[in-house]
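For reference, start-v6.txt (compact mmCIF, C-alpha atoms):
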```
# COMPACT_ATOMS: atom_id res chain seq x y z
CA MET Y 1 133.83 34.14 -130.76
CA ALA Y 2 132.84 31.88 -127.87
CA CYS Y 3 134.29 32.90 -124.52
CA PRO Y 4 134.21 30.80 -121.31
CA TYR Y 5 133.76 33.80 -119.00
CA GLN Y 6 131.61 36.90 -118.79
CA VAL Y 7 132.66 40.48 -119.46
CA CYS Y 8 131.73 41.39 -115.89
CA GLU Y 9 130.24 39.94 -112.71
CA TRP Y 10 128.03 42.88 -111.80
CA ARG Y 11 127.38 43.66 -108.16
CA SER Y 12 126.08 46.89 -106.65
CA PRO Y 13 128.60 48.90 -104.58
CA GLU Y 14 126.80 47.85 -101.39
CA ASP Y 15 126.80 44.14 -102.30
CA LEU Y 16 130.40 44.16 -103.50
CA THR Y 17 131.55 45.83 -100.30
CA LYS Y 18 129.94 42.97 -98.36
CA LEU Y 19 131.47 40.30 -100.62
CA LEU Y 20 135.02 41.64 -100.40
CA ASP Y 21 137.14 41.75 -97.25
CA LEU Y 22 138.20 45.38 -97.66
CA GLU Y 23 139.02 46.52 -94.13
CA LEU Y 24 142.67 46.95 -93.13
CA GLY Y 25 143.84 45.54 -89.79
CA GLU Y 26 146.82 45.55 -87.43
CA ALA Y 27 147.77 41.93 -88.05
CA GLY Y 28 148.73 40.36 -91.36
CA GLN Y 29 147.04 37.46 -93.12
CA ALA Y 30 148.06 34.03 -94.31
CA PRO Y 31 149.31 33.71 -97.91
CA ALA Y 32 146.22 31.71 -98.84
CA GLN Y 33 144.00 34.63 -97.84
CA THR Y 34 146.14 37.05 -99.82
CA LEU Y 35 145.83 34.79 -102.85
CA GLN Y 36 142.05 34.76 -102.41
CA HIS Y 37 142.01 38.57 -102.45
CA CYS Y 38 143.74 38.42 -105.82
CA ARG Y 39 141.19 35.90 -107.12
CA ASP Y 40 138.33 38.08 -105.91
CA ALA Y 41 139.82 41.19 -107.52
CA ILE Y 42 140.09 39.39 -110.86
CA HIS Y 43 136.65 37.78 -110.60
CA TYR Y 44 134.76 41.01 -109.98
CA SER Y 45 136.81 43.24 -112.30
CA VAL Y 46 135.66 44.09 -115.82
CA LYS Y 47 137.38 41.77 -118.32
CA THR Y 48 138.62 44.38 -120.78
CA ASN Y 49 140.30 41.67 -122.88
CA HIS Y 50 136.95 39.96 -123.47
CA PRO Y 51 135.95 39.88 -127.17
CA HIS Y 52 132.66 41.60 -126.30
CA PHE Y 53 134.15 44.56 -124.42
CA PHE Y 54 133.54 47.66 -126.57
CA ASN Y 55 132.86 50.18 -123.82
CA GLN Y 56 135.89 52.48 -123.88
CA LEU Y 57 138.57 53.95 -126.12
CA TYR Y 58 140.94 51.18 -125.05
CA VAL Y 59 140.61 47.43 -124.82
CA GLY Y 60 142.63 44.96 -122.79
CA LEU Y 61 146.37 44.56 -123.13
CA ASP Y 62 148.61 42.96 -125.72
CA HIS Y 63 150.45 40.02 -124.15
CA TYR Y 64 153.88 41.35 -125.10
CA ALA Y 65 152.98 44.66 -123.46
CA MET Y 66 151.86 42.73 -120.38
CA VAL Y 67 155.27 41.06 -120.16
CA GLY Y 68 156.81 44.51 -120.44
CA SER Y 69 154.71 45.65 -117.49
CA PHE Y 70 155.90 42.66 -115.44
CA VAL Y 71 159.53 43.57 -116.18
CA THR Y 72 159.23 47.24 -115.23
CA ASP Y 73 157.12 46.52 -112.15
CA ALA Y 74 159.68 43.97 -111.00
CA THR Y 75 162.72 46.19 -111.57
CA GLN Y 76 161.08 49.52 -110.58
CA PRO Y 77 163.09 51.97 -112.70
CA SER Y 78 162.36 55.69 -112.44
CA LEU Y 79 163.07 57.85 -115.45
CA TYR Y 80 164.59 60.94 -113.97
CA THR Y 81 168.22 60.07 -114.70
CA TYR Y 82 170.21 57.66 -116.82
CA GLU Y 83 171.98 56.28 -113.77
CA MET Y 84 168.61 55.15 -112.30
CA ALA Y 85 167.09 53.86 -115.55
CA PRO Y 86 169.82 53.35 -118.17
CA VAL Y 87 167.93 50.88 -120.36
CA HIS Y 88 164.65 52.77 -120.24
CA CYS Y 89 166.09 56.24 -120.88
CA LEU Y 90 167.57 54.89 -124.12
CA ILE Y 91 164.39 53.01 -125.05
CA GLU Y 92 162.20 56.06 -124.47
CA LYS Y 93 164.46 58.12 -126.72
CA VAL Y 94 164.28 55.56 -129.54
CA VAL Y 95 160.50 55.18 -129.28
CA LEU Y 96 159.89 58.93 -129.26
CA GLU Y 97 162.15 59.41 -132.28
CA LYS Y 98 160.30 56.67 -134.18
CA MET Y 99 156.92 58.19 -133.29
CA MET Y 100 158.08 61.61 -134.52
CA GLU Y 101 159.27 60.04 -137.75
CA MET Y 102 155.87 58.38 -138.25
CA ILE Y 103 153.95 61.64 -137.85
CA GLY Y 104 156.17 63.34 -140.40
CA TRP Y 105 158.62 65.38 -138.34
CA VAL Y 106 161.64 64.62 -140.49
CA GLU Y 107 163.84 66.96 -138.47
CA GLY Y 108 162.81 65.39 -135.18
CA GLY Y 109 161.80 67.20 -132.03
CA ASP Y 110 161.46 66.47 -128.33
CA GLY Y 111 159.05 64.61 -126.10
CA ILE Y 112 158.29 62.60 -123.02
CA PHE Y 113 156.04 59.77 -121.90
CA ASN Y 114 153.54 60.76 -119.23
CA PRO Y 115 150.47 59.45 -117.38
CA GLY Y 116 147.76 59.84 -120.01
CA GLY Y 117 146.46 61.99 -122.84
CA SER Y 118 144.93 64.47 -120.42
CA MET Y 119 148.40 65.17 -119.08
CA SER Y 120 149.71 65.56 -122.63
CA ASN Y 121 147.07 68.22 -123.28
CA MET Y 122 148.19 70.04 -120.13
CA TYR Y 123 151.83 69.85 -121.21
CA ALA Y 124 150.88 71.36 -124.57
CA MET Y 125 148.98 74.23 -122.96
CA ASN Y 126 151.77 74.99 -120.51
CA LEU Y 127 154.40 74.87 -123.24
CA ALA Y 128 152.39 77.08 -125.60
CA ARG Y 129 152.01 79.68 -122.85
CA PHE Y 130 155.68 79.48 -121.86
CA GLN Y 131 156.81 79.93 -125.45
CA ARG Y 132 154.73 83.09 -125.77
CA PHE Y 133 155.43 84.45 -122.26
CA PRO Y 134 158.52 82.74 -120.77
CA GLU Y 135 158.44 85.08 -117.77
CA VAL Y 136 155.32 83.27 -116.52
CA LYS Y 137 157.50 80.50 -115.12
CA GLU Y 138 159.06 82.78 -112.49
CA GLN Y 139 156.55 85.61 -112.14
CA GLY Y 140 153.33 83.63 -112.40
CA LEU Y 141 150.05 84.74 -113.94
CA SER Y 142 150.74 88.39 -113.23
CA ALA Y 143 153.30 88.29 -116.04
CA CYS Y 144 150.63 87.50 -118.64
CA PRO Y 145 147.74 89.36 -120.20
CA ARG Y 146 144.39 87.58 -120.40
CA LEU Y 147 145.10 84.49 -122.52
CA VAL Y 148 142.54 82.66 -124.63
CA LEU Y 149 142.72 79.26 -126.30
CA PHE Y 150 140.35 77.63 -128.75
CA THR Y 151 139.01 74.11 -129.08
CA SER Y 152 136.07 72.31 -130.65
CA GLU Y 153 132.76 71.65 -128.95
CA GLU Y 154 133.64 67.97 -129.54
CA CYS Y 155 136.97 68.22 -127.69
CA HIS Y 156 138.03 66.09 -124.74
CA TYR Y 157 137.03 67.54 -121.37
CA SER Y 158 140.67 67.51 -120.26
CA VAL Y 159 141.25 70.74 -122.22
CA ALA Y 160 138.99 72.66 -119.82
CA LYS Y 161 140.54 70.86 -116.84
CA ALA Y 162 144.04 71.82 -117.97
CA ALA Y 163 142.97 75.47 -118.36
CA ALA Y 164 141.59 75.46 -114.82
CA PHE Y 165 144.68 73.73 -113.39
CA LEU Y 166 147.10 76.13 -115.09
CA GLY Y 167 145.22 79.23 -113.99
CA ILE Y 168 144.09 80.19 -117.48
CA GLY Y 169 140.46 79.67 -116.55
CA THR Y 170 137.71 77.67 -118.20
CA LYS Y 171 135.95 80.84 -119.39
CA ASN Y 172 139.04 81.57 -121.47
CA VAL Y 173 138.58 78.31 -123.36
CA TYR Y 174 136.56 79.47 -126.38
CA VAL Y 175 134.50 76.61 -127.78
CA VAL Y 176 134.35 76.54 -131.57
CA PRO Y 177 131.26 75.05 -133.25
CA ALA Y 178 131.60 71.77 -135.15
CA ASP Y 179 129.77 70.67 -138.27
CA GLN Y 180 127.27 67.80 -138.38
CA SER Y 181 130.08 65.25 -138.64
CA GLY Y 182 131.79 66.60 -135.53
CA LYS Y 183 134.64 68.53 -137.18
CA MET Y 184 135.76 71.98 -136.02
CA ILE Y 185 134.71 74.67 -138.51
CA PRO Y 186 137.74 76.80 -139.52
CA LYS Y 187 135.63 79.88 -140.37
CA GLU Y 188 134.06 79.72 -136.90
CA LEU Y 189 137.55 79.52 -135.41
CA GLU Y 190 138.47 82.70 -137.29
CA LYS Y 191 135.39 84.43 -135.83
CA GLN Y 192 136.28 83.34 -132.30
CA ILE Y 193 139.85 84.59 -132.69
CA ARG Y 194 138.63 87.99 -133.87
CA THR Y 195 136.17 88.12 -130.98
CA ALA Y 196 138.90 87.40 -128.43
CA ILE Y 197 141.17 90.08 -129.89
CA SER Y 198 138.35 92.65 -129.88
CA GLU Y 199 137.86 91.91 -126.16
CA GLY Y 200 141.50 92.75 -125.48
CA ALA Y 201 142.52 89.11 -124.90
CA VAL Y 202 145.59 87.43 -126.39
CA PRO Y 203 144.89 84.19 -128.34
CA PHE Y 204 147.77 81.76 -127.93
CA MET Y 205 146.70 78.19 -128.78
CA VAL Y 206 144.31 75.95 -130.72
CA SER Y 207 143.69 72.43 -129.42
CA ALA Y 208 142.41 70.32 -132.31
CA THR Y 209 141.31 66.69 -132.29
CA ALA Y 210 142.12 63.75 -134.55
CA GLY Y 211 139.50 61.20 -133.53
CA THR Y 212 136.97 62.77 -131.16
CA THR Y 213 135.89 60.83 -128.09
CA VAL Y 214 132.28 60.30 -129.09
CA LEU Y 215 131.98 60.43 -132.88
CA GLY Y 216 135.57 59.58 -133.83
CA SER Y 217 135.76 62.70 -136.04
CA PHE Y 218 138.94 64.29 -137.37
CA ASP Y 219 139.23 68.07 -137.40
CA PRO Y 220 140.41 69.63 -140.70
CA ILE Y 221 143.96 69.95 -139.41
CA GLU Y 222 145.59 71.53 -142.46
CA GLU Y 223 142.99 74.31 -142.62
CA LEU Y 224 143.33 74.90 -138.88
CA ALA Y 225 147.12 74.97 -139.26
CA ASP Y 226 146.77 77.77 -141.83
CA VAL Y 227 144.63 79.77 -139.39
CA CYS Y 228 147.15 79.20 -136.60
CA GLU Y 229 150.04 80.28 -138.80
CA GLU Y 230 148.23 83.47 -139.77
CA HIS Y 231 147.59 84.39 -136.14
CA ASN Y 232 150.81 82.95 -134.65
CA LEU Y 233 148.98 80.39 -132.52
CA TRP Y 234 150.34 77.12 -131.14
CA LEU Y 235 148.51 74.14 -132.73
CA HIS Y 236 148.22 71.03 -130.60
CA VAL Y 237 146.95 67.77 -132.11
CA ASP Y 238 148.53 64.64 -133.59
CA VAL Y 239 149.73 65.32 -137.14
CA SER Y 240 152.83 66.68 -138.82
CA SER Y 241 151.58 70.27 -139.17
CA ALA Y 242 151.14 70.65 -135.41
CA HIS Y 243 153.52 72.21 -132.89
CA SER Y 244 152.81 69.41 -130.42
CA VAL Y 245 151.27 65.95 -130.40
CA ALA Y 246 149.39 63.78 -127.92
CA TRP Y 247 149.65 60.10 -128.88
CA ASN Y 248 148.21 57.35 -126.66
CA PRO Y 249 149.51 53.87 -127.59
CA HIS Y 250 147.42 52.39 -124.75
CA LYS Y 251 144.32 52.98 -126.89
CA MET Y 252 144.28 51.64 -130.45
CA LEU Y 253 147.67 49.91 -130.15
CA MET Y 254 146.82 48.11 -126.86
CA ALA Y 255 150.08 48.98 -125.08
CA GLY Y 256 148.36 48.93 -121.68
CA GLN Y 257 147.28 51.63 -119.24
CA GLN Y 258 148.88 54.09 -119.21
CA CYS Y 259 151.15 54.64 -122.17
CA SER Y 260 150.99 58.18 -123.52
CA ALA Y 261 153.54 60.28 -125.33
CA PHE Y 262 153.71 64.06 -125.56
CA LEU Y 263 155.76 65.15 -128.56
CA VAL Y 264 156.84 68.67 -129.41
CA ARG Y 265 158.32 69.82 -132.70
CA ASP Y 266 160.68 72.26 -130.99
CA LYS Y 267 164.37 71.32 -130.84
CA THR Y 268 165.64 74.27 -128.79
CA GLY Y 269 165.06 72.70 -125.37
CA LEU Y 270 161.70 74.41 -124.81
CA LEU Y 271 160.30 71.43 -122.91
CA GLN Y 272 163.27 71.44 -120.54
CA ARG Y 273 163.29 75.20 -120.03
CA CYS Y 274 159.57 75.27 -119.30
CA HIS Y 275 159.57 72.58 -116.62
CA SER Y 276 163.10 72.33 -115.21
CA ALA Y 277 163.80 72.89 -111.53
CA CYS Y 278 167.49 71.85 -111.67
CA ALA Y 279 167.45 69.72 -108.51
CA SER Y 280 171.13 69.45 -107.62
CA TYR Y 281 170.81 66.04 -106.01
CA LEU Y 282 169.62 64.54 -109.32
CA PHE Y 283 170.80 66.67 -112.22
CA GLN Y 284 174.46 67.39 -111.53
CA LYS Y 285 176.27 69.06 -114.42
CA ASP Y 286 179.59 67.30 -113.84
CA LYS Y 287 178.49 63.66 -114.21
CA PHE Y 288 180.81 61.19 -115.90
CA TYR Y 289 178.30 60.35 -118.69
CA ASP Y 290 176.27 62.24 -121.30
CA ILE Y 291 173.74 64.16 -119.19
CA SER Y 292 171.44 64.65 -122.18
CA CYS Y 293 170.20 61.19 -121.20
CA ASP Y 294 168.90 62.66 -117.91
CA THR Y 295 165.43 63.55 -119.16
CA GLY Y 296 163.64 63.90 -115.83
CA ASP Y 297 163.71 67.72 -115.68
CA LYS Y 298 161.53 67.89 -118.80
CA SER Y 299 158.72 66.41 -116.75
CA ILE Y 300 156.49 67.96 -114.10
CA GLN Y 301 156.93 64.68 -112.21
CA CYS Y 302 159.95 63.47 -110.30
CA GLY Y 303 159.53 59.70 -110.21
CA ARG Y 304 158.24 58.49 -113.58
CA LYS Y 305 157.37 54.96 -114.71
CA ALA Y 306 159.06 53.34 -117.69
CA ASP Y 307 155.86 53.33 -119.77
CA ALA Y 308 157.72 53.27 -123.10
CA PHE Y 309 159.21 49.84 -122.39
CA ARG Y 310 156.06 47.77 -122.86
CA PHE Y 311 155.27 49.67 -126.07
CA TRP Y 312 158.82 49.14 -127.29
CA LEU Y 313 158.77 45.41 -126.41
CA MET Y 314 155.44 44.92 -128.18
CA TRP Y 315 156.64 46.88 -131.22
CA LYS Y 316 159.88 44.89 -131.37
CA ALA Y 317 157.99 41.59 -131.09
CA LEU Y 318 155.26 42.40 -133.61
CA GLY Y 319 156.86 44.86 -136.01
CA THR Y 320 155.32 47.92 -137.64
CA ARG Y 321 153.48 45.89 -140.29
CA GLU Y 322 151.55 43.90 -137.69
CA LEU Y 323 150.59 47.03 -135.77
CA GLU Y 324 149.35 48.52 -139.04
CA ARG Y 325 147.41 45.32 -139.81
CA ARG Y 326 145.69 45.52 -136.42
CA VAL Y 327 144.51 49.06 -137.05
CA ASP Y 328 143.29 48.08 -140.51
CA HIS Y 329 141.40 45.14 -139.00
CA ALA Y 330 139.63 47.40 -136.51
CA LEU Y 331 138.58 49.71 -139.34
CA GLU Y 332 137.37 46.71 -141.35
CA MET Y 333 135.27 45.49 -138.42
CA ALA Y 334 133.80 48.98 -138.01
CA ARG Y 335 132.78 48.97 -141.67
CA TYR Y 336 131.24 45.51 -141.31
CA LEU Y 337 129.25 46.57 -138.25
CA THR Y 338 128.08 49.72 -140.03
CA GLU Y 339 126.73 47.71 -142.95
CA GLY Y 340 125.04 45.32 -140.53
CA ILE Y 341 123.28 48.21 -138.80
CA LYS Y 342 122.03 49.52 -142.14
CA LYS Y 343 120.53 46.15 -143.05
CA ARG Y 344 118.77 45.35 -139.77
CA ASP Y 345 115.29 46.42 -138.76
CA GLY Y 346 115.28 48.60 -135.67
CA PHE Y 347 118.86 49.88 -135.97
CA ARG Y 348 119.75 53.40 -137.11
CA LEU Y 349 123.16 54.99 -137.63
CA LEU Y 350 123.77 58.36 -136.01
CA MET Y 351 126.29 59.15 -138.79
CA GLU Y 352 128.69 57.39 -141.13
CA PRO Y 353 131.74 56.58 -138.98
CA GLU Y 354 135.05 58.15 -139.89
CA TYR Y 355 137.06 55.97 -137.52
CA THR Y 356 136.23 52.93 -135.36
CA ASN Y 357 133.57 54.73 -133.31
CA VAL Y 358 130.21 53.41 -134.54
CA CYS Y 359 127.25 55.33 -133.08
CA PHE Y 360 123.71 54.02 -133.50
CA TRP Y 361 120.23 53.71 -132.02
CA TYR Y 362 118.23 50.58 -131.36
CA ILE Y 363 114.46 51.03 -131.86
CA PRO Y 364 112.41 48.26 -130.18
CA PRO Y 365 109.54 46.70 -132.19
CA SER Y 366 106.93 48.56 -130.12
CA MET Y 367 108.30 51.92 -131.31
CA ARG Y 368 109.03 51.21 -134.97
CA LYS Y 369 105.71 52.45 -136.32
CA ILE Y 370 105.77 55.69 -134.32
CA PRO Y 371 106.60 58.64 -136.60
CA ASP Y 372 109.66 60.74 -135.78
CA SER Y 373 108.60 63.39 -133.27
CA PRO Y 374 109.73 64.78 -129.91
CA GLU Y 375 107.57 62.13 -128.21
CA PHE Y 376 109.23 59.37 -130.25
CA TRP Y 377 112.74 60.49 -129.35
CA GLN Y 378 111.75 60.86 -125.72
CA LYS Y 379 110.87 57.15 -125.76
CA VAL Y 380 114.12 56.29 -127.55
CA GLU Y 381 116.04 58.20 -124.87
CA ALA Y 382 115.13 55.51 -122.33
CA VAL Y 383 116.08 52.50 -124.49
CA ALA Y 384 119.89 52.49 -124.37
CA PRO Y 385 120.15 52.97 -120.57
CA LYS Y 386 117.81 50.03 -119.95
CA ILE Y 387 119.64 47.75 -122.39
CA LYS Y 388 122.97 48.78 -120.82
CA GLU Y 389 121.64 47.84 -117.38
CA ARG Y 390 120.56 44.44 -118.66
CA MET Y 391 123.84 43.72 -120.45
CA MET Y 392 125.82 44.64 -117.33
CA LYS Y 393 123.70 42.44 -115.08
CA THR Y 394 123.95 39.48 -117.45
CA GLY Y 395 127.64 40.16 -118.13
CA SER Y 396 127.20 39.34 -121.82
CA MET Y 397 129.02 42.39 -123.20
CA MET Y 398 129.80 46.06 -122.57
CA VAL Y 399 128.93 48.84 -125.02
CA GLY Y 400 128.72 52.48 -123.97
CA TYR Y 401 125.84 54.87 -124.56
CA GLN Y 402 125.21 58.59 -124.28
CA SER Y 403 123.20 61.52 -125.57
CA HIS Y 404 124.90 64.12 -127.75
CA GLY Y 405 123.59 67.60 -128.40
CA ILE Y 406 119.97 67.24 -129.49
CA ASN Y 407 120.39 63.51 -130.15
CA ALA Y 408 118.70 61.08 -127.78
CA ASN Y 409 120.76 58.36 -126.07
CA PHE Y 410 122.54 56.15 -128.58
CA PHE Y 411 125.10 53.34 -128.38
CA ARG Y 412 128.74 54.26 -128.94
CA MET Y 413 130.60 51.16 -130.05
CA ILE Y 414 134.42 51.33 -130.03
CA ILE Y 415 136.25 48.64 -132.01
CA ILE Y 416 139.94 48.13 -131.24
CA SER Y 417 140.82 44.51 -130.48
CA PRO Y 418 142.66 42.66 -133.30
CA TRP Y 419 141.03 39.43 -132.16
CA VAL Y 420 137.37 40.30 -132.74
CA SER Y 421 135.64 38.88 -135.78
CA THR Y 422 132.53 39.43 -137.87
CA LYS Y 423 130.79 36.92 -135.59
CA ASP Y 424 131.45 39.23 -132.64
CA MET Y 425 129.97 42.16 -134.58
CA ASP Y 426 126.87 40.08 -135.33
CA PHE Y 427 126.67 39.05 -131.68
CA VAL Y 428 126.55 42.68 -130.56
CA LEU Y 429 123.54 43.48 -132.72
CA ASP Y 430 121.82 40.18 -131.87
CA GLU Y 431 122.38 40.73 -128.15
CA ILE Y 432 121.13 44.32 -128.18
CA HIS Y 433 117.97 43.10 -129.88
CA ARG Y 434 117.60 40.22 -127.42
CA LEU Y 435 117.99 42.54 -124.44
CA GLY Y 436 115.72 45.27 -125.76
CA ALA Y 437 113.06 43.63 -127.91
CA ASP Y 438 110.43 43.80 -125.14
CA LEU Y 439 110.89 47.52 -124.39
```

Please, can you express the file's structure as structure tokens?
Amino acid sequence: MACPYQVCEWRSPEDLTKLLDLELGEAGQAPAQTLQHCRDAIHYSVKTNHPHFFNQLYVGLDHYAMVGSFVTDATQPSLYTYEMAPVHCLIEKVVLEKMMEMIGWVEGGDGIFNPGGSMSNMYAMNLARFQRFPEVKEQGLSACPRLVLFTSEECHYSVAKAAAFLGIGTKNVYVVPADQSGKMIPKELEKQIRTAISEGAVPFMVSATAGTTVLGSFDPIEELADVCEEHNLWLHVDVSSAHSVAWNPHKMLMAGQQCSAFLVRDKTGLLQRCHSACASYLFQKDKFYDISCDTGDKSIQCGRKADAFRFWLMWKALGTRELERRVDHALEMARYLTEGIKKRDGFRLLMEPEYTNVCFWYIPPSMRKIPDSPEFWQKVEAVAPKIKERMMKTGSMMVGYQSHGINANFFRMIIISPWVSTKDMDFVLDEIHRLGADL
């Protein structure tokens, strides 16, 4: 797909600071200068809607979602009470109910939109602890024994951050080994649980992953659910057998940053009881309308953006079938790219992709006759960083790279956009070769 602009206009931090008028002054500026600031911000920002942006687990913004953002930014609702955000309180309820239906919770549950998947993971951890030891809300950590939770070595780093933030401690996050495809091993989870119990700790939660950040791997959720049921542990992930769900429509569904839902299967008001502070100036009990619409006390925030609206507007405009078609298209493009990698000289797959994360190495011509050895992989380690530098400086595309365990640096290609084509997949491989053939 031809595009009239680059993915990015790379400048070093020092050069960009000189190019932009960043200092704040006592006097205001003319409208023309303000408009120029906007142009500069757009010009030097990464164009995440570009067809050759594959760098992150999100891409751009659907245009219906963008209109939704304009509406909420213009009207500035805040979702603590129905009286302050009547439309959006109702919309959030409908969207959450539909999401719960889609993951298989036929009896419903509870939930809330919040600023990102990392926050959803923290909500899950806090709720799991509160369910087990409700006295922690008033008495603090002294009301609890030493608590331990379990997650995969492939998990998102926000799990450890949440444990630190909530006072559980990162050393009480037991990391469970994953297999070669990046899936948590249930038997290893069992071993870790027994170890924690033998140490006098109290296991309380398992945080599983459906689509890991790097490899796009899906943990064996049903097997993990059986383990959790046996040991009475809270299971947090994004399928019907879980106690709670983190679902980020701003990623694969392109609902725009940030649009994240935390869903909980509980229907007893656990979310409210865990986080409520009962502020009398907001949550009066004698209001003239149904106060169940006042959802703000479920949240750890006070003011809260109407993030569900742009997802709702996009969903209404496109329909479920089109959203499903977009996901299918991304998976189809991932399969096409995978086959292209297999057929091309100098490209090697790290593993068969399970999702739309395609991980691979590029081996320049000068290295292709070197036998596999520590020295060979040491040379390969330097290839991806140099190609990434060149692609950023030319602005031709953006693809991420990283090392992983014993594996040398490889490219991690994330395919999401419904507008990319097989030509774009071919371009990526052609461009990597063009940028790295002389290495």

task = Write out as a ChimeraX atom specification the residues lying within 8 Å of Asp110 (chain Y), counting all atoms listed in the file and excluding same-chain residues fewer than 4 positions away.
result = /Y:96,263-267,269,271

Restricting it to C-alpha atoms, dump the selection as a short mmCIF file (atom, residue, chain, number, x, y, z; two decimals), keeping the file's coordinate frame.
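Done, and the output landed in again_31.cif:
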```cif
data_model
loop_
_atom_site.label_atom_id
_atom_site.label_comp_id
_atom_site.auth_asym_id
_atom_site.auth_seq_id
_atom_site.Cartn_x
_atom_site.Cartn_y
_atom_site.Cartn_z
CA LEU Y 96 159.89 58.93 -129.26
CA LEU Y 263 155.76 65.15 -128.56
CA VAL Y 264 156.84 68.67 -129.41
CA ARG Y 265 158.32 69.82 -132.70
CA ASP Y 266 160.68 72.26 -130.99
CA LYS Y 267 164.37 71.32 -130.84
CA GLY Y 269 165.06 72.70 -125.37
CA LEU Y 271 160.30 71.43 -122.91
#
```

ask   = So which residues touch Tyr157 (chain Y) within 12 Å, counting all atoms listed in the file, skipping near sequence neighbours fewer than 5 positions away, as a ChimeraX atom specification?
value = /Y:117-119,121-122,151-152,162-164,170,173,175,207,209,212-214

ask   = In terms of the shortest atom-to-atom distance over only C-alpha atoms, which of Y:Leu79, Y:Ala210, Y:Ile415, Y:Ile185 is closest to Leu282 (chain Y)?
value =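 The answer is Y:Leu79, which sits nearest to Leu282 (chain Y).
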
task = Measuring atom to atom with all atoms listed in the file, identify which of Y:Ser280, Y:Thr295, Y:Ser241, Y:Gln131 is nearest to Glu92 (chain Y).
result =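 Closest candidate: Y:Thr295.
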
inquiry  = Please list as a VMD selection string every residue within 9 Å of Gly303 (chain Y), counting all atoms listed in the file and excluding residues in the same chain fewer than 5 positions away.
reply    = chain Y and resid 77 to 80 296

key: Among listed residues Y:Val94, Y:Ala143, Y:Ala128, Y:Val239, nearest Ala308 (chain Y) (using only C-alpha atoms)   = Y:Val94

query = Of the candidates Y:Ser292, Y:Leu253, Y:Arg434, Y:Arg390, which one gets nearest to Tyr58 (chain Y) if we count only C-alpha atoms?
reply =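 Closest residue, counting only C-alpha atoms: Y:Leu253.
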
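Atom to atom, CA of Cys278 (chain Y) and CA of Ile168 (chain Y) stand 25.5 Å apart.
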